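run-v2.pdb, holding PDB, C-alpha atoms, pLDDT in the B column:
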```
MODEL        1
ATOM      1  CA  MET A   1     138.154 198.355 276.584  1.00 46.00           C
ATOM      2  CA  THR A   2     138.647 198.028 272.845  1.00 52.00           C
ATOM      3  CA  ALA A   3     138.208 195.034 270.568  1.00 51.00           C
ATOM      4  CA  PHE A   4     141.979 194.747 270.597  1.00 49.00           C
ATOM      5  CA  GLU A   5     141.943 194.206 274.340  1.00 47.00           C
ATOM      6  CA  THR A   6     138.962 191.873 274.656  1.00 46.00           C
ATOM      7  CA  SER A   7     139.157 189.607 271.593  1.00 50.00           C
ATOM      8  CA  SER A   8     141.964 187.542 272.982  1.00 51.00           C
ATOM      9  CA  PRO A   9     143.960 187.704 276.173  1.00 54.00           C
ATOM     10  CA  LEU A  10     147.148 189.685 275.910  1.00 52.00           C
ATOM     11  CA  PRO A  11     150.007 189.696 278.354  1.00 49.00           C
ATOM     12  CA  GLY A  12     150.183 193.029 280.133  1.00 51.00           C
ATOM     13  CA  ASP A  13     148.541 196.110 278.661  1.00 59.00           C
ATOM     14  CA  GLY A  14     146.444 195.234 275.599  1.00 67.00           C
ATOM     15  CA  ARG A  15     146.773 198.795 274.326  1.00 87.00           C
ATOM     16  CA  LEU A  16     150.451 198.352 273.453  1.00 92.00           C
ATOM     17  CA  PRO A  17     149.915 196.451 270.158  1.00 93.00           C
ATOM     18  CA  LEU A  18     147.341 199.049 269.117  1.00 93.00           C
ATOM     19  CA  ALA A  19     149.636 201.953 270.007  1.00 94.00           C
ATOM     20  CA  LEU A  20     152.583 200.397 268.176  1.00 95.00           C
ATOM     21  CA  GLY A  21     150.462 199.587 265.129  1.00 96.00           C
ATOM     22  CA  LEU A  22     149.116 203.127 264.976  1.00 97.00           C
ATOM     23  CA  ALA A  23     152.620 204.542 265.400  1.00 98.00           C
ATOM     24  CA  GLY A  24     153.694 202.434 262.437  1.00 98.00           C
ATOM     25  CA  LEU A  25     151.074 204.220 260.345  1.00 98.00           C
ATOM     26  CA  LEU A  26     152.634 207.653 260.926  1.00 98.00           C
ATOM     27  CA  PRO A  27     155.181 207.406 258.072  1.00 98.00           C
ATOM     28  CA  PHE A  28     152.423 206.226 255.705  1.00 98.00           C
ATOM     29  CA  LEU A  29     150.152 209.104 256.708  1.00 98.00           C
ATOM     30  CA  ALA A  30     152.956 211.677 256.603  1.00 98.00           C
ATOM     31  CA  GLY A  31     154.223 210.416 253.248  1.00 98.00           C
ATOM     32  CA  ALA A  32     150.790 210.448 251.644  1.00 98.00           C
ATOM     33  CA  ALA A  33     150.093 213.927 253.012  1.00 98.00           C
ATOM     34  CA  ALA A  34     153.491 215.225 251.854  1.00 98.00           C
ATOM     35  CA  ALA A  35     152.893 213.790 248.378  1.00 97.00           C
ATOM     36  CA  TRP A  36     149.970 216.220 248.085  1.00 96.00           C
ATOM     37  CA  LEU A  37     150.709 219.131 250.396  1.00 97.00           C
ATOM     38  CA  ALA A  38     154.476 219.603 250.550  1.00 96.00           C
ATOM     39  CA  PRO A  39     156.420 221.864 248.203  1.00 96.00           C
ATOM     40  CA  VAL A  40     157.212 220.121 244.905  1.00 94.00           C
ATOM     41  CA  ALA A  41     160.860 219.536 245.832  1.00 94.00           C
ATOM     42  CA  TRP A  42     159.775 217.780 249.026  1.00 96.00           C
ATOM     43  CA  GLN A  43     157.199 215.729 247.140  1.00 94.00           C
ATOM     44  CA  ALA A  44     160.064 214.393 245.041  1.00 94.00           C
ATOM     45  CA  MET A  45     161.600 213.051 248.266  1.00 97.00           C
ATOM     46  CA  ALA A  46     158.344 212.112 250.025  1.00 97.00           C
ATOM     47  CA  ILE A  47     157.147 209.672 247.390  1.00 97.00           C
ATOM     48  CA  PRO A  48     160.297 207.491 247.301  1.00 97.00           C
ATOM     49  CA  ALA A  49     160.496 207.660 251.114  1.00 98.00           C
ATOM     50  CA  PHE A  50     156.884 206.475 251.292  1.00 98.00           C
ATOM     51  CA  LEU A  51     157.608 203.583 248.917  1.00 98.00           C
ATOM     52  CA  TYR A  52     160.779 202.564 250.789  1.00 98.00           C
ATOM     53  CA  TYR A  53     158.942 202.532 254.100  1.00 98.00           C
ATOM     54  CA  SER A  54     156.145 200.553 252.512  1.00 98.00           C
ATOM     55  CA  ALA A  55     158.618 197.942 251.275  1.00 98.00           C
ATOM     56  CA  VAL A  56     160.187 197.688 254.731  1.00 98.00           C
ATOM     57  CA  ILE A  57     156.806 197.151 256.396  1.00 98.00           C
ATOM     58  CA  LEU A  58     155.703 194.609 253.796  1.00 98.00           C
ATOM     59  CA  SER A  59     158.936 192.701 254.449  1.00 98.00           C
ATOM     60  CA  PHE A  60     158.287 192.957 258.197  1.00 98.00           C
ATOM     61  CA  LEU A  61     154.929 191.254 257.678  1.00 97.00           C
ATOM     62  CA  GLY A  62     156.769 188.326 256.138  1.00 97.00           C
ATOM     63  CA  GLY A  63     158.881 188.202 259.279  1.00 96.00           C
ATOM     64  CA  VAL A  64     155.724 188.034 261.355  1.00 95.00           C
ATOM     65  CA  GLN A  65     154.730 184.906 259.430  1.00 94.00           C
ATOM     66  CA  TRP A  66     158.174 183.421 260.023  1.00 94.00           C
ATOM     67  CA  GLY A  67     157.644 184.008 263.746  1.00 94.00           C
ATOM     68  CA  VAL A  68     154.185 182.419 263.614  1.00 93.00           C
ATOM     69  CA  ALA A  69     155.678 179.358 261.931  1.00 92.00           C
ATOM     70  CA  MET A  70     158.462 179.084 264.497  1.00 93.00           C
ATOM     71  CA  SER A  71     156.224 179.512 267.532  1.00 92.00           C
ATOM     72  CA  LEU A  72     152.778 178.175 266.591  1.00 91.00           C
ATOM     73  CA  GLU A  73     153.199 175.571 263.847  1.00 89.00           C
ATOM     74  CA  PRO A  74     154.436 172.071 264.741  1.00 89.00           C
ATOM     75  CA  ALA A  75     158.054 171.820 263.560  1.00 91.00           C
ATOM     76  CA  GLY A  76     158.360 169.777 260.381  1.00 90.00           C
ATOM     77  CA  SER A  77     154.623 169.875 259.635  1.00 92.00           C
ATOM     78  CA  ASP A  78     153.193 170.852 256.267  1.00 91.00           C
ATOM     79  CA  GLY A  79     151.874 174.067 257.848  1.00 89.00           C
ATOM     80  CA  PHE A  80     155.335 174.885 259.204  1.00 93.00           C
ATOM     81  CA  ARG A  81     157.011 174.411 255.825  1.00 93.00           C
ATOM     82  CA  ALA A  82     154.298 176.259 253.923  1.00 92.00           C
ATOM     83  CA  ARG A  83     154.292 179.224 256.315  1.00 93.00           C
ATOM     84  CA  LEU A  84     158.096 179.502 256.215  1.00 94.00           C
ATOM     85  CA  LEU A  85     158.052 179.481 252.419  1.00 94.00           C
ATOM     86  CA  LEU A  86     155.206 182.007 252.290  1.00 94.00           C
ATOM     87  CA  SER A  87     156.998 184.241 254.802  1.00 96.00           C
ATOM     88  CA  MET A  88     159.537 185.026 252.091  1.00 97.00           C
ATOM     89  CA  VAL A  89     156.969 186.226 249.553  1.00 97.00           C
ATOM     90  CA  PRO A  90     156.431 189.737 250.987  1.00 98.00           C
ATOM     91  CA  SER A  91     160.146 190.534 250.730  1.00 97.00           C
ATOM     92  CA  LEU A  92     160.265 189.118 247.226  1.00 98.00           C
ATOM     93  CA  ILE A  93     157.409 191.444 246.287  1.00 98.00           C
ATOM     94  CA  ALA A  94     158.696 194.501 248.162  1.00 98.00           C
ATOM     95  CA  TRP A  95     162.261 194.663 246.922  1.00 98.00           C
ATOM     96  CA  PRO A  96     161.520 194.465 243.185  1.00 98.00           C
ATOM     97  CA  ALA A  97     158.713 197.008 243.642  1.00 98.00           C
ATOM     98  CA  LEU A  98     161.403 199.553 244.509  1.00 98.00           C
ATOM     99  CA  LEU A  99     163.136 198.928 241.184  1.00 98.00           C
ATOM    100  CA  LEU A 100     160.031 199.794 239.175  1.00 98.00           C
ATOM    101  CA  HIS A 101     158.579 203.149 238.180  1.00 97.00           C
ATOM    102  CA  PRO A 102     157.065 204.655 241.369  1.00 97.00           C
ATOM    103  CA  LEU A 103     153.509 204.314 240.080  1.00 97.00           C
ATOM    104  CA  THR A 104     153.951 200.653 239.177  1.00 97.00           C
ATOM    105  CA  GLY A 105     155.876 200.009 242.386  1.00 98.00           C
ATOM    106  CA  ALA A 106     153.079 201.509 244.471  1.00 98.00           C
ATOM    107  CA  TRP A 107     150.540 199.206 242.808  1.00 98.00           C
ATOM    108  CA  VAL A 108     152.796 196.189 243.407  1.00 98.00           C
ATOM    109  CA  LEU A 109     153.133 197.102 247.084  1.00 98.00           C
ATOM    110  CA  VAL A 110     149.343 197.434 247.416  1.00 98.00           C
ATOM    111  CA  ALA A 111     149.000 193.962 245.923  1.00 98.00           C
ATOM    112  CA  GLY A 112     151.550 192.673 248.424  1.00 98.00           C
ATOM    113  CA  PHE A 113     149.703 194.122 251.411  1.00 98.00           C
ATOM    114  CA  LEU A 114     146.408 192.685 250.181  1.00 98.00           C
ATOM    115  CA  LEU A 115     147.948 189.249 249.574  1.00 97.00           C
ATOM    116  CA  VAL A 116     149.413 189.177 253.082  1.00 97.00           C
ATOM    117  CA  ARG A 117     146.061 190.153 254.550  1.00 97.00           C
ATOM    118  CA  LEU A 118     144.266 187.464 252.546  1.00 96.00           C
ATOM    119  CA  HIS A 119     146.750 184.920 253.861  1.00 94.00           C
ATOM    120  CA  GLU A 120     146.207 186.141 257.432  1.00 94.00           C
ATOM    121  CA  CYS A 121     142.439 185.733 256.992  1.00 94.00           C
ATOM    122  CA  GLY A 122     142.780 182.227 255.578  1.00 91.00           C
ATOM    123  CA  ARG A 123     141.708 179.186 257.532  1.00 87.00           C
ATOM    124  CA  GLY A 124     145.204 178.161 258.605  1.00 85.00           C
ATOM    125  CA  SER A 125     146.014 181.628 259.905  1.00 88.00           C
ATOM    126  CA  SER A 126     142.664 182.485 261.438  1.00 84.00           C
ATOM    127  CA  GLU A 127     142.962 179.389 263.622  1.00 84.00           C
ATOM    128  CA  LEU A 128     146.429 180.364 264.868  1.00 88.00           C
ATOM    129  CA  LEU A 129     146.320 184.148 265.118  1.00 88.00           C
ATOM    130  CA  PRO A 130     144.457 185.795 267.990  1.00 88.00           C
ATOM    131  CA  GLY A 131     141.369 187.881 267.358  1.00 87.00           C
ATOM    132  CA  TRP A 132     143.028 191.097 268.515  1.00 90.00           C
ATOM    133  CA  PHE A 133     145.750 190.586 265.889  1.00 92.00           C
ATOM    134  CA  GLN A 134     143.186 190.035 263.141  1.00 93.00           C
ATOM    135  CA  SER A 135     141.277 193.204 264.115  1.00 93.00           C
ATOM    136  CA  LEU A 136     144.451 195.256 264.308  1.00 95.00           C
ATOM    137  CA  ARG A 137     145.778 193.976 260.990  1.00 96.00           C
ATOM    138  CA  THR A 138     142.499 194.774 259.252  1.00 96.00           C
ATOM    139  CA  LEU A 139     142.599 198.357 260.528  1.00 97.00           C
ATOM    140  CA  LEU A 140     146.262 198.784 259.598  1.00 98.00           C
ATOM    141  CA  THR A 141     145.795 197.291 256.132  1.00 98.00           C
ATOM    142  CA  VAL A 142     142.839 199.558 255.353  1.00 98.00           C
ATOM    143  CA  VAL A 143     144.842 202.662 256.282  1.00 98.00           C
ATOM    144  CA  VAL A 144     147.982 201.495 254.443  1.00 98.00           C
ATOM    145  CA  VAL A 145     146.040 200.723 251.258  1.00 98.00           C
ATOM    146  CA  ALA A 146     144.219 204.074 251.488  1.00 98.00           C
ATOM    147  CA  CYS A 147     147.551 205.900 251.835  1.00 98.00           C
ATOM    148  CA  HIS A 148     148.873 204.027 248.811  1.00 98.00           C
ATOM    149  CA  GLY A 149     145.739 205.055 246.950  1.00 98.00           C
ATOM    150  CA  LEU A 150     146.479 208.708 247.686  1.00 98.00           C
ATOM    151  CA  VAL A 151     150.076 208.341 246.477  1.00 98.00           C
ATOM    152  CA  ILE A 152     148.925 206.481 243.348  1.00 98.00           C
ATOM    153  CA  TRP A 153     146.374 209.200 242.674  1.00 97.00           C
ATOM    154  CA  ARG A 154     149.087 211.841 243.133  1.00 97.00           C
ATOM    155  CA  LEU A 155     151.295 209.998 240.675  1.00 96.00           C
ATOM    156  CA  GLY A 156     148.435 210.158 238.189  1.00 93.00           C
ATOM    157  CA  GLY A 157     147.610 206.504 238.141  1.00 75.00           C
ATOM    158  CA  ALA A 158     144.164 206.346 239.675  1.00 63.00           C
TER     159      ALA A 158
ENDMDL
END
```

Here is a file; write its structure as structure tokens.
Amino acid sequence: MTAFETSSPLPGDGRLPLALGLAGLLPFLAGAAAAWLAPVAWQAMAIPAFLYYSAVILSFLGGVQWGVAMSLEPAGSDGFRARLLLSMVPSLIAWPALLLHPLTGAWVLVAGFLLVRLHECGRGSSELLPGWFQSLRTLLTVVVVACHGLVIWRLGGA
């Protein structure tokens, strides 16, 4: 058993969230690798594709917070309102990042992923989110930020 399976009870097979999370890393890993190893013409496509996928996933993380608010926060509470408002922030970071120079946009997306993770580790979230989710999100965030670091380095900004 892994930490993802034992930290908190999961319905059904506890390996599914881990498998899905790791599968979600594939475009990050492929994009970062292509930014360095693909022919130059493909690199020109790989970097924007990487950034677009990054923006989609950052927006998805806001949706996760919306779902947490709807299912775990008491309706009408301060926590409910705050989490709903904060759930919009990742999208409002991700979309403008795509309008910037790729190097600047990549840095903005990194900041967005780190801000989401800080929020997830905060007292209000750590009390609501199961341990397996926290472990999984830490792993995923580390890999996503590392992939961004490789793309930033490739773009000459590290």

Inset, instruction - Identify all residues satisfying the PyMOL selection byres ((chain A and resi 157) around 12) in the given file; provide them as a ChimeraX atom specification. - result: /A:101-107,148-156,158

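Counting from CA of Phe28 (chain A), the distance to CA of Val56 (chain A) is 11.6 Å.
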
Inset, instruction - Write out as number ranges by chain the residues lying within 6 Å of region 84-87 of chain A, counting only C-alpha atoms and excluding same-chain residues fewer than 3 positions away. - result: A: 62, 65-66, 81

Legend entry - Residues within 12 Å of Leu20 (chain A), only C-alpha atoms, excluding chain neighbours under 6 positions, as a PyMOL selection string: chain A and resi 14+26+136-137+140

Inset, instruction - Pick out the residues sitting within 10 Å of Val89 (chain A), and hand them over as JSON, numbers by chain; count all atoms listed in the file, and ignore anything fewer than 5 positions along from it in its own chain. - result: {"A": [58, 59, 61, 62, 84, 94, 112, 115, 116]}

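The environment of Ala69 (chain A) within 9 Å, counting all atoms listed in the file and disregarding residues fewer than 5 places along the same chain, consists of A:Val64, A:Pro74, A:Ala75, A:Gly79, A:Phe80, A:Arg81, A:Ala82, A:Arg83, A:Leu84, A:Ser87.
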
Legend entry - Expected answer as number ranges by chain: all residues with atoms within 10 Å of (149.5, 215.1, 252.4), only C-alpha atoms: A: 28-38, 43, 46, 147, 150-151, 154

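Restricting the calculation to only C-alpha atoms, the smallest distance between Thr138 (chain A) and any of A:Leu114, A:Trp42, A:Gly67, A:Ala55 is found for A:Leu114.
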
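Taking only C-alpha atoms into account, the protein, DNA and RNA residues within 6 Å of (148.6, 201.8, 259.4) read Leu22, Gly24, Leu25, Leu140, Val143 and Val144 of chain A.
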
Using the file's own x, y and z axes, what box holds all listed atoms of region 89-108 of chain A with 5 Å on each side, keeping edges along x, y and z, and what are its centre and edge lengths in Å to one decimal, as JSON?
```
{"center_x": 156.8, "center_y": 195.4, "center_z": 244.6, "size_x": 22.6, "size_y": 28.4, "size_z": 22.8}
```

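Taking CA of Ile57 (chain A) and CA of Pro90 (chain A) as the two end points, the separation is 9.2 Å.
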
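Of the listed residues (A:Val68, A:Ala19, A:Leu99, A:Met45), A:Val68 comes nearest to Ser125 (chain A); the distances count only C-alpha atoms.
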
Inset, instruction - Calculate how many Å separate CA of Gly63 (chain A) from CA of Leu100 (chain A), rounding to one decimal. - result: 23.2 Å

Inset, instruction - Could you tell me which of A:Leu109, A:Ile93, A:Leu98, A:Leu18 comes closest to Tyr52 (chain A) if we count all atoms listed in the file? - result: A:Leu98
